[in-house]
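Trainee: Before we start, here is the structure in question, set down as structure tokens.
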Amino acid sequence: MSAFSRSTRDETAPDLAISARDLRKVYAGGKTALHGVSLDVPRGSMFALLGPNGAGKSTFINILAGLIHKTSGSVAIWGRDLDRRQRDARLAIGIVPQELVLDPFFTPREALELQAGFYGVPKAERRTMELLRAVGLDDKADSYARTLSGGMRRRLLVAKAMVHNPPVLVLDEPTAGVDIELRRKLWDYVRELNAAGTTVVLTTHYLEEAEQLCDRIAIINRGRLIACDRREVLLSQLDAKELVVRVAEPVSPERMPAPLAAFGAMIDAEASTVSFQFRPSETPVGRLLAAVTAAGLTVADITTREPDLEDLFLRLTREADAAGDPATIDATSGGTPPAPSSSAAA
Ligand SMILES: Nc1ncnc2c1ncn2[C@@H]1O[C@H](COP(=O)(O)OP(=O)(O)OP(=O)(O)O)[C@@H](O)[C@H]1O
């Protein structure tokens with residue numbers, strides 16, 4: 001199907017694959033799962049939606065999928081408003097649900113054909129075997145779905161979400177219960193789709209996965225967006241590094257040389273190391289190494305540790321929890337959001 005152009009040069013394609021404004025969801029019973037989330041997913045991006053259990057990720061995705069109704073706010077998928085152009089919006093998105101929902105009596109081939117029929121894909125344009133090959137299920141094309149393993153079912157759901165060739169693919173916890181080898185295969189395929197222009201949004205509990213795969217990351221906590229930016233920008237917010245210097249001479253924390261104390265160094269006598277927690281924006285590593293030399297020590301080896309997404313995730317969710325009722329970050333401007341505690345309510 002060529003209805004959707006993925007080219008970055010195509011001026012008819014929207015700049016935003018998904019755009020949510022002030023999205024709220026209050027479930028029957030009064031639970032507010034989304035407190036006014038505004039979020040943009042640029043076309044062509046590989047976008048991670050991260051958050052602890054119960055943060056509201058599935059609620060967000062289920063609204064996109066049309067499985068639940070939003071309470072208020074608006075969402076556009078591929079520039080098509082979900083209220084005004086529901087059918088067009090749905091055609092633009094493929095969703096891989098969290099639950100492994102498959103009819104056990106259909107084979108993968110039948111499941112894909114049925115789905116293609118549901119989306120009105122003409123027989124000549126169906127890519128059933130191509131999709132099954134892509135997800136490594138071509139040899140299972142005619143086995144009953146009930147005989148497939150959890151990982152195979154997951155991959156079949158990915159293929160199913162792609163039958164109408166949507167420009168936006170959303171995967172809700174796609175690798176839960178999938179072993180490492182299959183996970184790698186799944187990601188290879190998702191990367192290929194993304195390289196070919198498909199915008200990919202995924203929710204995951206594996207921070208490492210988001211860090212390795214995604215160029216943009218949003219963090220949602222208790223129904224509020226607490227961060228949303230390019231991965232490098234988010235990680236640079238941490239501005240903290242650790243330098244560990246192994247020295248040739250014996251050292252002791254009881255005899256901390258003044259040049260090292262000035263930088264808040266810590267000494268591990270057993271490992272013969274001096275370590276520093278520092279802000280790269282304020283303190284160049286060279287100054288720390290100079291302090292080691294000034295203390296009369298010889299540098300034998302150095303290692304540094306960069307903060308990772310897990311550090312950021314923990315810090316932001318803790319800050320948001322400590323603030324109690326943090327304001328929502330409007331992540332639609334494309335810039336770096338302000339710190340959670342000082343941002344303005346959307
Ligand atoms: N049908 C429902 N009725 C009432 N409350 C619900 C319903 N579905 C979800 N919730 C509540 O809404 C909040 C957000 O849930 P949601 O499933 O969106 O979170 P999540 O981030 O996807 O979590 P997980 O990572 O565990 O899937 C939770 O407090 C959850 O208990």
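Ordering of the structure tokens sets the chain letters (A, B, ...); residue numbers start at 1 within each chain; ligands are numbered from 1 in the order shown.
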Step by step, measure atom-to-atom distances between ligand 1 and each residue using only C-alpha atoms and all ligand atoms, keep those at most 7 Å, then write them as a list in words.
Mentor: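 Based on only C-alpha atoms and all ligand atoms, ligand 1 is surrounded within 7 Å by Tyr27, Ala28, Gly29, Lys31, Thr32, Ala33, Gly51, Pro52, Asn53, Gly54, Ala55, Gly56, Lys57, Ser58, Thr59, Phe60 and Gly223 of chain A.
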Trainee: Run DSSP on the backbone of this structure and report the residues of range 53-106 of chain A it assigns to strand (DSSP E or B), as an MDAnalysis selection string.
Mentor: chainID A and resid 72:77 80:81 93:96
Trainee: What gap, in Å, lies between CA of Ile302 in chain A and CA of Arg287 in chain A?
Mentor: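 Distance reported for this atom pair: 13.8 Å.
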Trainee: Quick check, in Å to one decimal: how far apart do CA of Ile267 in chain A and CA of Ser252 in chain A lie?
Mentor: 6.3 Å
Trainee: Would you mind listing what lies within 7 Å of range 186-198 of chain A as a ChimeraX atom specification, with only C-alpha atoms counted and same-chain residues fewer than 6 positions away left out?
Mentor: /A:6-7,44,46,134-135,155,167-169
Trainee: Which residues come within 9 Å of Ala240 in chain A, counting only C-alpha atoms, excluding same-chain residues fewer than 5 positions away, as a PyMOL selection string?
Mentor: chain A and resi 277-281+306-307
Trainee: I need the residues from that last selection saved to file as a short mmCIF file (atom, residue, chain, number, x, y, z; two decimals), in the first residue's frame (with N, CA and C atoms), if you can.
Mentor:
```
data_model
loop_
_atom_site.label_atom_id
_atom_site.label_comp_id
_atom_site.auth_asym_id
_atom_site.auth_seq_id
_atom_site.Cartn_x
_atom_site.Cartn_y
_atom_site.Cartn_z
N GLN A 277 33.26 12.15 42.19
CA GLN A 277 31.97 12.39 41.55
C GLN A 277 32.03 13.86 41.13
N PHE A 278 31.82 14.13 39.85
CA PHE A 278 31.97 15.52 39.42
C PHE A 278 30.99 15.89 38.31
N ARG A 279 30.87 17.18 38.11
CA ARG A 279 30.03 17.68 37.02
C ARG A 279 30.93 18.07 35.86
N PRO A 280 30.85 17.35 34.74
CA PRO A 280 31.75 17.66 33.61
C PRO A 280 31.62 19.11 33.15
N SER A 281 30.44 19.71 33.32
CA SER A 281 30.26 21.09 32.85
C SER A 281 31.07 22.07 33.70
N GLU A 306 29.62 7.01 32.96
CA GLU A 306 28.62 8.00 32.55
C GLU A 306 27.30 7.63 33.21
N PRO A 307 26.45 8.60 33.48
CA PRO A 307 25.13 8.26 33.99
C PRO A 307 24.34 7.58 32.88
#
```
Trainee: Could you name the residues that touch Leu182 in chain A at 12 Å or less, counting only C-alpha atoms, but leaving out those on the same chain fewer than 2 positions away, as a list in words?
Mentor: Val135, Gly136, Leu137, Ser149, Gly150, Gly151, Met152, Arg153, Arg154, Arg155, Pro174, Thr175, Ala176, Gly177, Val178, Asp179, Ile180, Arg184, Lys185, Leu186, Trp187, Asp188 and Tyr189 of chain A
Trainee: Restricting the calculation to only C-alpha atoms: of A:Leu243, A:Glu181, A:Asp229, A:Pro14, which residue gets closest to Arg80 in chain A?
Mentor: A:Pro14
Trainee: Which residues are near Val26 in chain A? Cut-off 10 Å, only C-alpha atoms, ignore same chain within fewer than 4 positions. Put them as a list in words.
Mentor: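 Neighbouring residues, sequence-local ones excluded: Gly30, Lys31, Thr32, Ala33, Leu34, His35, His69, Lys70, Thr71 and Ser72 of chain A.
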Trainee: Smallest atom-to-atom distance to His205 in chain A: which of A:Glu110, A:Leu49, A:Glu125, A:Val247, using only C-alpha atoms?
Mentor: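 So, comparing all the options, the nearest one is A:Leu49.
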